Amino acid sequence: MIKLNKQEIIGISAGAFIILGCFILLKIDFINAKVFTFFLGIAFVIAVMPFFIRLLAESKIEKEKDYMFLEFIRDLVEGVKSGTPISKSIINIKNKDYGVLSLHVQKLANQISVGIPVREALNIFGKETGSSVINRSISLIKEAERSGGKIEAILESVAFSVSQIEKLKKERKAAIYNLSVQGYIIFLIFIVIILVMQFKILPITANLNVGFNSDMKDVSINGAGMTLKNFDINSIANSFLFLLMTQGLFAGLVIGKIAEGSIKAGIKHSIILIVLAFLISTGAQAIFG
């Protein structure tokens, strides 16, 4: 069961209040259906925004854990190099500041202090952090501790590996940044093209439809496998909206996969693009429709 914090409850309540108010205004004919749809999108954004902020915060925490784990490993290497066993080294550095990783390090040290084997404590540490980088590194440390080899060499190797991973992540993010920006720009251009089709081309087509119906007595054109009768611009406009939102969903996932190497990271981009598509499309319909 998902636990809601205070901000999320306020966001949902505010969104519901806006929807209720707009529904009342729609019933008394103060606003039309298109304006109602636009404010429905605003209400959705307000309701979802706290969840989106929490998603960004969790992503930031995960990145910080990987970075602070590198600091933890470096301190651990220094302790082991001085001749201190790995278990004692962990206990010695438990009070150092490792940011979001501090509580996990303290819990790891406390478990070792009460007699829990180092391998088991490290396994719990890796699972609780939820980081794939940390879990891979912990696996190497556990094997080194079990085999009784030169654990300081293994720890140095782990520290170097984590350092290289963080370096590659930063380099990839810098290299892919322009592609991510281009993805957003291309999507915005796509929205503009759809809006031009919706508000410029479709009305011209509808006028042609009226001319055909008046001159040809509602005769269908079947040679091309289509008909001009019952031409509904609104239904096509709705189809355009669904097209934009679908495009936003998958474009966001692709941007996240390219920029950060994770489909999960693309969820935030998808949310941004879907919201942009909905608000721009419904806002344009409310103003120009």
# chains A, B, ... in the order shown; residues from 1 in each chain; ligands from 1
>>> select_by_dssp(residues="range 21-269 of chain A", states="alpha helix (DSSP H)", output="PyMOL selection string")
chain A and resi 21-27+33-81+86-92+102-113+118-129+132-147+151-196+202-216+233-260+266-269
>>> residues_around(residues="Ile191 in chain A", least_positions_apart="6", cutoff="8 Å", atoms="only C-alpha atoms", output="list in words")
Leu244, Ala277 and Ser281 of chain A
>>> write_last_selection(atoms="N, CA and C atoms", output="CSV table (one decimal), in the first residue's frame")
chain,number,residue,atom,x,y,z
A,244,LEU,N,-0.6,12.7,-29.5
A,244,LEU,CA,0.4,13.5,-28.9
A,244,LEU,C,0.8,12.9,-27.5
A,277,ALA,N,1.9,18.0,-23.7
A,277,ALA,CA,1.0,17.7,-24.9
A,277,ALA,C,-0.4,18.0,-24.5
A,281,SER,N,-2.4,21.2,-26.1
A,281,SER,CA,-3.5,20.8,-27.0
A,281,SER,C,-4.8,21.3,-26.5
>>> residues_around(residues="Leu55 in chain A", least_positions_apart="6", cutoff="12 Å", atoms="only C-alpha atoms", output="PyMOL selection string")
chain A and resi 8+48-49+61-62+264-269+271
>>> write_last_selection(atoms="N, CA and C atoms", output="tab-separated table (two decimals), in the first residue's frame")
chain	number	residue	atom	x	y	z
A	8	GLU	N	1.41	15.28	-0.83
A	8	GLU	CA	0.64	14.51	-1.80
A	8	GLU	C	-0.85	14.57	-1.50
A	48	VAL	N	-0.72	15.49	-9.37
A	48	VAL	CA	0.40	14.58	-9.62
A	48	VAL	C	1.75	15.20	-9.25
A	49	MET	N	1.82	16.53	-9.20
A	49	MET	CA	3.09	17.21	-8.97
A	49	MET	C	3.84	16.71	-7.74
A	61	ILE	N	18.42	10.76	-4.63
A	61	ILE	CA	18.96	10.01	-3.49
A	61	ILE	C	19.74	8.80	-3.97
A	62	GLU	N	19.21	8.10	-4.99
A	62	GLU	CA	19.89	6.92	-5.51
A	62	GLU	C	21.26	7.29	-6.08
A	264	LYS	N	13.27	3.42	-16.21
A	264	LYS	CA	12.66	4.03	-15.04
A	264	LYS	C	12.94	5.53	-15.01
A	265	ALA	N	14.16	5.91	-15.38
A	265	ALA	CA	14.51	7.33	-15.41
A	265	ALA	C	13.71	8.07	-16.47
A	266	GLY	N	13.24	7.34	-17.49
A	266	GLY	CA	12.46	7.97	-18.55
A	266	GLY	C	11.04	8.30	-18.15
A	267	ILE	N	10.58	7.75	-17.01
A	267	ILE	CA	9.20	8.02	-16.57
A	267	ILE	C	8.99	9.51	-16.33
A	268	LYS	N	9.99	10.16	-15.71
A	268	LYS	CA	9.84	11.59	-15.43
A	268	LYS	C	9.76	12.40	-16.73
A	269	HIS	N	10.54	11.98	-17.74
A	269	HIS	CA	10.47	12.67	-19.03
A	269	HIS	C	9.11	12.42	-19.69
A	271	ILE	N	6.26	11.88	-18.18
A	271	ILE	CA	5.25	12.67	-17.47
A	271	ILE	C	5.29	14.12	-17.96
>>> atom_distance(atom1="CA of Tyr67 in chain A", atom2="CA of Ile116 in chain A")
26.4 Å
>>> residues_around(residues="range 169-172 of chain A", least_positions_apart="4", cutoff="8 Å", atoms="only C-alpha atoms", output="PDB file with N, CA and C atoms, in the first residue's frame")
ATOM      1  N   ILE A 165      32.690   4.029 -12.886  1.00  0.00           N
ATOM      2  CA  ILE A 165      31.258   4.026 -13.217  1.00  0.00           C
ATOM      3  C   ILE A 165      30.678   5.428 -13.080  1.00  0.00           C
ATOM      4  N   ILE A 176      25.185  13.172 -23.869  1.00  0.00           N
ATOM      5  CA  ILE A 176      23.824  12.919 -24.341  1.00  0.00           C
ATOM      6  C   ILE A 176      22.899  14.107 -24.073  1.00  0.00           C
ATOM      7  N   ALA A 259      19.655   9.000 -22.115  1.00  0.00           N
ATOM      8  CA  ALA A 259      20.375   9.948 -21.266  1.00  0.00           C
ATOM      9  C   ALA A 259      20.909   9.322 -19.992  1.00  0.00           C
ATOM     10  N   GLU A 260      20.116   8.444 -19.370  1.00  0.00           N
ATOM     11  CA  GLU A 260      20.506   7.923 -18.058  1.00  0.00           C
ATOM     12  C   GLU A 260      20.608   6.402 -18.024  1.00  0.00           C
TER      13      GLU A 260
END
>>> closest_residue(among="A:Ile18, A:Val114, A:Ala47, A:Leu155", to="Lys81 in chain A", atoms="only C-alpha atoms")
A:Leu155
>>> closest_residue(among="A:Ile124, A:Leu56, A:Ile255, A:Leu140", to="His104 in chain A", atoms="only C-alpha atoms")
A:Ile124
>>> closest_residue(among="A:Phe240, A:Lys27, A:Tyr177, A:Ile185", to="Met197 in chain A", atoms="only C-alpha atoms")
A:Phe240
>>> atom_distance(atom1="CA of Ile204 in chain A", atom2="CA of Ala237 in chain A")
14.1 Å
>>> residues_around(residues="Leu188 in chain A", least_positions_apart="6", cutoff="10 Å", atoms="only C-alpha atoms", output="count of residues only")
8
